[in-house]
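Containing mmCIF, C-alpha atoms: query-v1.cif.
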data_model
loop_
_atom_site.label_atom_id
_atom_site.label_comp_id
_atom_site.auth_asym_id
_atom_site.auth_seq_id
_atom_site.Cartn_x
_atom_site.Cartn_y
_atom_site.Cartn_z
CA MET A 1 56.62 152.23 139.42
CA PRO A 2 55.56 155.88 139.92
CA GLN A 3 57.56 158.47 138.02
CA SER A 4 59.08 161.53 139.64
CA ILE A 5 57.76 164.76 138.18
CA VAL A 6 59.27 168.13 138.97
CA GLN A 7 57.14 171.13 138.08
CA TYR A 8 58.43 174.70 138.03
CA ASP A 9 56.11 177.66 138.41
CA LYS A 10 58.70 180.20 137.30
CA THR A 11 61.55 180.52 134.87
CA LEU A 12 64.89 179.25 136.15
CA PRO A 13 67.61 181.93 136.21
CA TYR A 14 70.40 181.73 133.68
CA ILE A 15 73.20 183.86 132.25
CA GLU A 16 72.53 185.05 128.72
CA ASP A 17 75.07 184.27 125.98
CA ARG A 18 76.71 181.59 128.15
CA ASN A 19 77.89 178.53 126.24
CA PRO A 20 78.22 175.36 128.34
CA TRP A 21 81.45 174.34 126.60
CA GLU A 22 83.28 177.56 127.53
CA VAL A 23 85.21 178.25 130.74
CA PRO A 24 82.80 179.88 133.25
CA VAL A 25 83.76 183.48 133.97
CA SER A 26 80.83 184.44 136.22
CA TYR A 27 78.00 182.93 138.25
CA LEU A 28 74.63 183.86 139.71
CA LYS A 29 74.32 184.60 143.43
CA LYS A 30 70.91 184.75 145.05
CA LYS A 31 70.03 188.07 146.69
CA THR A 32 66.31 187.70 147.42
CA ALA A 33 63.64 185.12 146.66
CA ASN A 34 63.33 186.33 143.07
CA GLU A 35 66.53 188.31 142.53
CA TYR A 36 70.04 187.26 141.54
CA GLU A 37 73.27 189.17 141.00
CA LEU A 38 76.01 188.35 138.51
CA VAL A 39 79.37 187.73 140.19
CA SER A 40 82.66 187.56 138.30
CA GLY A 41 84.83 184.43 138.54
CA ARG A 42 84.07 180.83 139.39
CA ARG A 43 81.60 179.94 142.12
CA PRO A 44 83.68 178.97 145.19
CA SER A 45 83.26 175.35 146.22
CA LYS A 46 82.76 174.13 149.78
CA MET A 47 84.31 170.77 148.92
CA LEU A 48 87.66 169.89 150.44
CA LEU A 49 89.90 169.77 147.35
CA VAL A 50 88.09 171.59 144.58
CA ASN A 51 89.24 175.22 144.74
CA LYS A 52 93.00 174.63 144.79
CA LEU A 53 92.79 171.81 142.28
CA ARG A 54 90.68 173.93 139.96
CA SER A 55 93.33 176.66 139.92
CA GLU A 56 96.11 174.20 139.10
CA ILE A 57 94.08 172.57 136.33
CA ASP A 58 93.34 175.98 134.81
CA LYS A 59 97.06 176.79 134.65
CA TRP A 60 97.91 173.34 133.28
CA ARG A 61 95.31 173.71 130.54
CA ASN A 62 96.41 177.21 129.62
CA ASP A 63 100.04 176.04 129.40
CA GLY A 64 99.11 173.27 126.94
CA TYR A 65 99.07 170.25 129.30
CA PRO A 66 102.85 170.03 129.94
CA GLY A 67 104.00 166.63 131.17
CA ALA A 68 100.98 164.75 129.84
CA THR A 69 101.58 161.89 127.43
CA ALA A 70 101.28 162.58 123.72
CA THR A 71 98.24 160.31 123.71
CA SER A 72 96.52 162.29 126.47
CA GLN A 73 97.26 165.60 124.77
CA GLU A 74 95.88 164.28 121.48
CA LEU A 75 92.70 162.99 123.11
CA LEU A 76 92.05 166.22 125.02
CA ALA A 77 92.53 168.27 121.85
CA PHE A 78 90.22 166.00 119.87
CA TRP A 79 87.47 166.01 122.47
CA PHE A 80 87.50 169.64 123.55
CA ASP A 81 89.39 171.91 121.17
CA GLN A 82 87.05 171.43 118.23
CA SER A 83 83.38 171.02 117.45
CA HIS A 84 81.85 167.69 116.45
CA PRO A 85 79.13 166.67 113.97
CA PRO A 86 75.57 167.67 114.98
CA VAL A 87 73.73 165.37 117.35
CA PHE A 88 70.51 167.33 117.84
CA GLY A 89 69.43 169.57 114.96
CA ASN A 90 72.00 171.21 112.73
CA GLU A 91 74.26 172.90 115.27
CA PRO A 92 77.80 171.55 115.82
CA PHE A 93 78.15 169.48 118.97
CA HIS A 94 80.50 170.48 121.81
CA PHE A 95 81.22 168.61 125.01
CA TYR A 96 80.49 170.59 128.19
CA PHE A 97 83.25 172.37 130.06
CA CYS A 98 82.39 170.46 133.25
CA GLN A 99 83.12 167.23 131.34
CA ARG A 100 86.44 168.65 130.20
CA GLU A 101 87.42 169.79 133.68
CA ALA A 102 86.52 166.41 135.16
CA VAL A 103 88.64 164.32 132.80
CA GLU A 104 91.48 166.88 132.88
CA THR A 105 91.59 166.59 136.67
CA ILE A 106 91.83 162.80 136.64
CA ILE A 107 94.58 162.87 134.01
CA TYR A 108 96.47 165.60 135.88
CA LEU A 109 96.42 163.77 139.21
CA PHE A 110 97.46 160.47 137.63
CA GLU A 111 100.02 161.55 135.04
CA ILE A 112 101.46 164.75 136.48
CA LYS A 113 101.14 164.53 140.27
CA LYS A 114 101.40 160.71 140.36
CA PHE A 115 99.69 160.30 143.72
CA ASN A 116 99.31 156.73 144.93
CA ASP A 117 97.59 157.51 148.24
CA VAL A 118 94.85 159.92 149.30
CA ILE A 119 96.65 161.48 152.29
CA PRO A 120 99.34 163.31 150.25
CA LEU A 121 96.55 164.43 147.91
CA ILE A 122 94.59 165.96 150.79
CA GLN A 123 97.71 167.52 152.29
CA LYS A 124 98.52 169.19 148.98
CA PHE A 125 95.10 170.49 147.96
CA HIS A 126 92.86 170.75 151.03
CA GLU A 127 91.05 174.05 151.45
CA LYS A 128 91.70 176.23 154.49
CA PHE A 129 88.25 177.64 155.10
CA SER A 130 88.03 180.91 157.00
CA GLY A 131 85.67 182.04 159.71
CA ASN A 132 86.07 179.11 162.09
CA LEU A 133 88.71 178.20 164.67
CA PHE A 134 89.02 174.67 163.27
CA ALA A 135 88.56 175.55 159.59
CA SER A 136 92.18 174.99 158.57
CA SER A 137 92.83 171.98 160.81
CA ILE A 138 93.36 168.57 159.20
CA GLU A 139 94.14 165.49 161.32
CA PHE A 140 94.67 161.94 160.08
CA SER A 141 94.19 158.84 162.22
CA GLU A 142 94.40 155.06 161.83
CA ASP A 143 92.93 152.47 164.17
CA LEU A 144 94.33 149.05 165.07
CA GLU A 145 92.50 147.46 162.15
CA GLY A 146 94.11 149.81 159.68
CA LYS A 147 91.00 151.89 159.04
CA ARG A 148 91.93 155.48 158.32
CA LYS A 149 90.02 158.70 158.87
CA VAL A 150 90.52 162.40 158.42
CA LYS A 151 89.15 164.85 160.96
CA ARG A 152 88.30 168.14 159.31
CA TYR A 153 85.94 171.08 159.16
CA PHE A 154 82.79 170.71 157.02
CA PRO A 155 81.79 174.23 155.88
CA GLU A 156 78.38 173.12 154.63
CA LYS A 157 77.56 172.03 158.20
CA ASP A 158 79.75 174.60 159.98
CA GLN A 159 81.17 171.91 162.23
CA GLU A 160 84.02 169.44 162.59
CA GLY A 161 83.61 165.81 161.68
CA GLU A 162 85.39 162.65 160.60
CA GLN A 163 85.51 161.17 157.14
CA GLU A 164 86.62 157.63 156.31
CA LEU A 165 89.52 157.22 153.89
CA PRO A 166 90.39 154.36 151.51
CA GLU A 167 93.01 151.80 152.44
CA LYS A 168 96.62 152.88 152.09
CA ASP A 169 97.85 152.98 148.48
CA LEU A 170 94.34 152.27 147.20
CA LEU A 171 93.71 155.65 145.64
CA ARG A 172 90.31 156.26 144.07
CA TYR A 173 89.15 159.38 142.28
CA ALA A 174 85.60 160.69 142.03
CA VAL A 175 84.23 163.76 140.28
CA LYS A 176 81.02 165.50 141.27
CA MET A 177 78.78 166.71 138.46
CA ALA A 178 75.21 167.94 138.20
CA THR A 179 72.36 165.80 136.96
CA GLY A 180 72.22 165.95 133.17
CA SER A 181 75.77 167.26 132.78
CA GLY A 182 77.11 164.17 131.04
CA LYS A 183 78.74 161.91 133.63
CA THR A 184 78.46 158.91 131.30
CA PHE A 185 80.59 160.70 128.71
CA VAL A 186 83.23 161.35 131.38
CA MET A 187 83.34 157.66 132.26
CA ALA A 188 83.74 156.88 128.55
CA PHE A 189 86.54 159.45 128.24
CA VAL A 190 88.42 157.85 131.13
CA VAL A 191 88.05 154.36 129.63
CA VAL A 192 89.33 155.57 126.24
CA TRP A 193 92.19 157.52 127.87
CA SER A 194 93.23 154.50 129.94
CA TYR A 195 93.02 152.08 127.00
CA PHE A 196 94.97 154.13 124.47
CA ASN A 197 97.64 155.12 126.96
CA ARG A 198 98.14 151.47 127.80
CA LEU A 199 98.28 150.67 124.09
CA ARG A 200 100.52 153.51 122.91
CA GLU A 201 102.63 154.71 125.84
CA LYS A 202 105.52 152.85 127.44
CA ASP A 203 105.04 154.17 130.98
#
Please go through the file and, once you have read it, give me the structure as structure tokens.
Amino acid sequence: MPQSIVQYDKTLPYIEDRNPWEVPVSYLKKKTANEYELVSGRRPSKMLLVNKLRSEIDKWRNDGYPGATATSQELLAFWFDQSHPPVFGNEPFHFYFCQREAVETIIYLFEIKKFNDVIPLIQKFHEKFSGNLFASSIEFSEDLEGKRKVKRYFPEKDQEGEQELPEKDLLRYAVKMATGSGKTFVMAFVVVWSYFNRLREKD
């Protein structure tokens, strides 16, 4: 089987002194073909739920995870509030912030918000994008076979469209992460979180 090879003819841009386990406080925005500017804050997302959820998770983290089980609080502190033994070389190992944010979001939605269906989740956190007549419009529909859809604005396409939804009360969560950012670790975190909460917590 042929292997995919990606070759770069120039250095990829990056922010100096940025540690991948720390909360991002700025991002690079492209100005010209070879020029970037540093912008303060988090890069805004064009995904439906990310921006509002991200703000709530930030506050929840800063407040010390109120409402989470003792088991969840202990796991989050163990994984992310300390360094771990070296894995490569002699430097202490830290999990990436994107991994932290991903597992925090799943725990928050399950333990704190307690959603059991996707429609209330969308109603609570959907983004009202500006610059388009239909940008803030969200419409839900269900056909005779029980298949559900949401009609919404897709900013990446600058047009309206429909998106299929899971069956009622069959809520599924997904997190989007870049290649090489440690999705397998996040899956492991969720398994460990689920197992030890089932083992140690009554609810």
Expand the PyMOL selection byres ((chain A and resi 112) around 12) into the explicit residue set it covers here, and present it as a compact mmCIF listing (two decimals) with C-alpha atoms, in the coordinates of the input.
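Printed below is selection_2.txt as written:
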# COMPACT_ATOMS: atom_id res chain seq x y z
CA GLU A 56 96.11 174.20 139.10
CA ILE A 57 94.08 172.57 136.33
CA TRP A 60 97.91 173.34 133.28
CA TYR A 65 99.07 170.25 129.30
CA PRO A 66 102.85 170.03 129.94
CA GLY A 67 104.00 166.63 131.17
CA ALA A 68 100.98 164.75 129.84
CA THR A 69 101.58 161.89 127.43
CA SER A 72 96.52 162.29 126.47
CA GLU A 104 91.48 166.88 132.88
CA THR A 105 91.59 166.59 136.67
CA ILE A 106 91.83 162.80 136.64
CA ILE A 107 94.58 162.87 134.01
CA TYR A 108 96.47 165.60 135.88
CA LEU A 109 96.42 163.77 139.21
CA PHE A 110 97.46 160.47 137.63
CA GLU A 111 100.02 161.55 135.04
CA LYS A 113 101.14 164.53 140.27
CA LYS A 114 101.40 160.71 140.36
CA PHE A 115 99.69 160.30 143.72
CA ASN A 116 99.31 156.73 144.93
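Against the coordinates shown, the PyMOL selection byres ((chain A and resi 175) around 10) returns A:Val50, A:Cys98, A:Gln99, A:Glu101, A:Ala102, A:Val103, A:Thr105, A:Ile106, A:Tyr173, A:Ala174, A:Lys176, A:Met177, A:Lys183, A:Val186.
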Quiz item: Just how far from CA of Arg172 (chain A) is CA of Ile138 (chain A), in Å to one decimal?
Solution: 19.7 Å
Exercise. Write out as a count of residues only which residues come within 9 Å of Val192 (chain A) when counting only C-alpha atoms, dropping same-chain ones fewer than 5 positions away.
Key: 3
Quiz item: Written as an MDAnalysis selection string, what is the full residue list that the PyMOL selection byres ((chain A and resi 18-29) around 12) yields on the file shown?
Solution: chainID A and resid 12:17 30:44 54 57:58 61:62 79:83 92:101 181:182
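A straight line drawn from CA of Gln163 (chain A) to CA of Val190 (chain A) is 26.4 Å long.
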Quiz item: Pick from A:Ser45, A:Thr71, A:Leu121, A:Gln159: nearest to Trp193 (chain A), with only C-alpha atoms counted?
Solution: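 Of all the options, A:Thr71 lies closest to Trp193 (chain A).
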Self-check item: Distance of CA of Leu165 (chain A) from CA of Asp117 (chain A), expressed in Å to one decimal place
Solution: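 Between these atoms lies a distance of 9.9 Å.
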Quiz prompt | Close residues, Arg152 (chain A) itself excluded, 7 Å, only C-alpha atoms, min 4 positions apart in chain, as number ranges by chain | solution = A: 137-139, 160-162
With 6 Å of padding per side, what axis-aligned box (centre and edge lengths, Å, one decimal) covers all the listed atoms of region 98-114 of chain A? Give it as JSON.
{"center_x": 91.9, "center_y": 165.5, "center_z": 135.3, "size_x": 31.1, "size_y": 22.0, "size_z": 22.2}
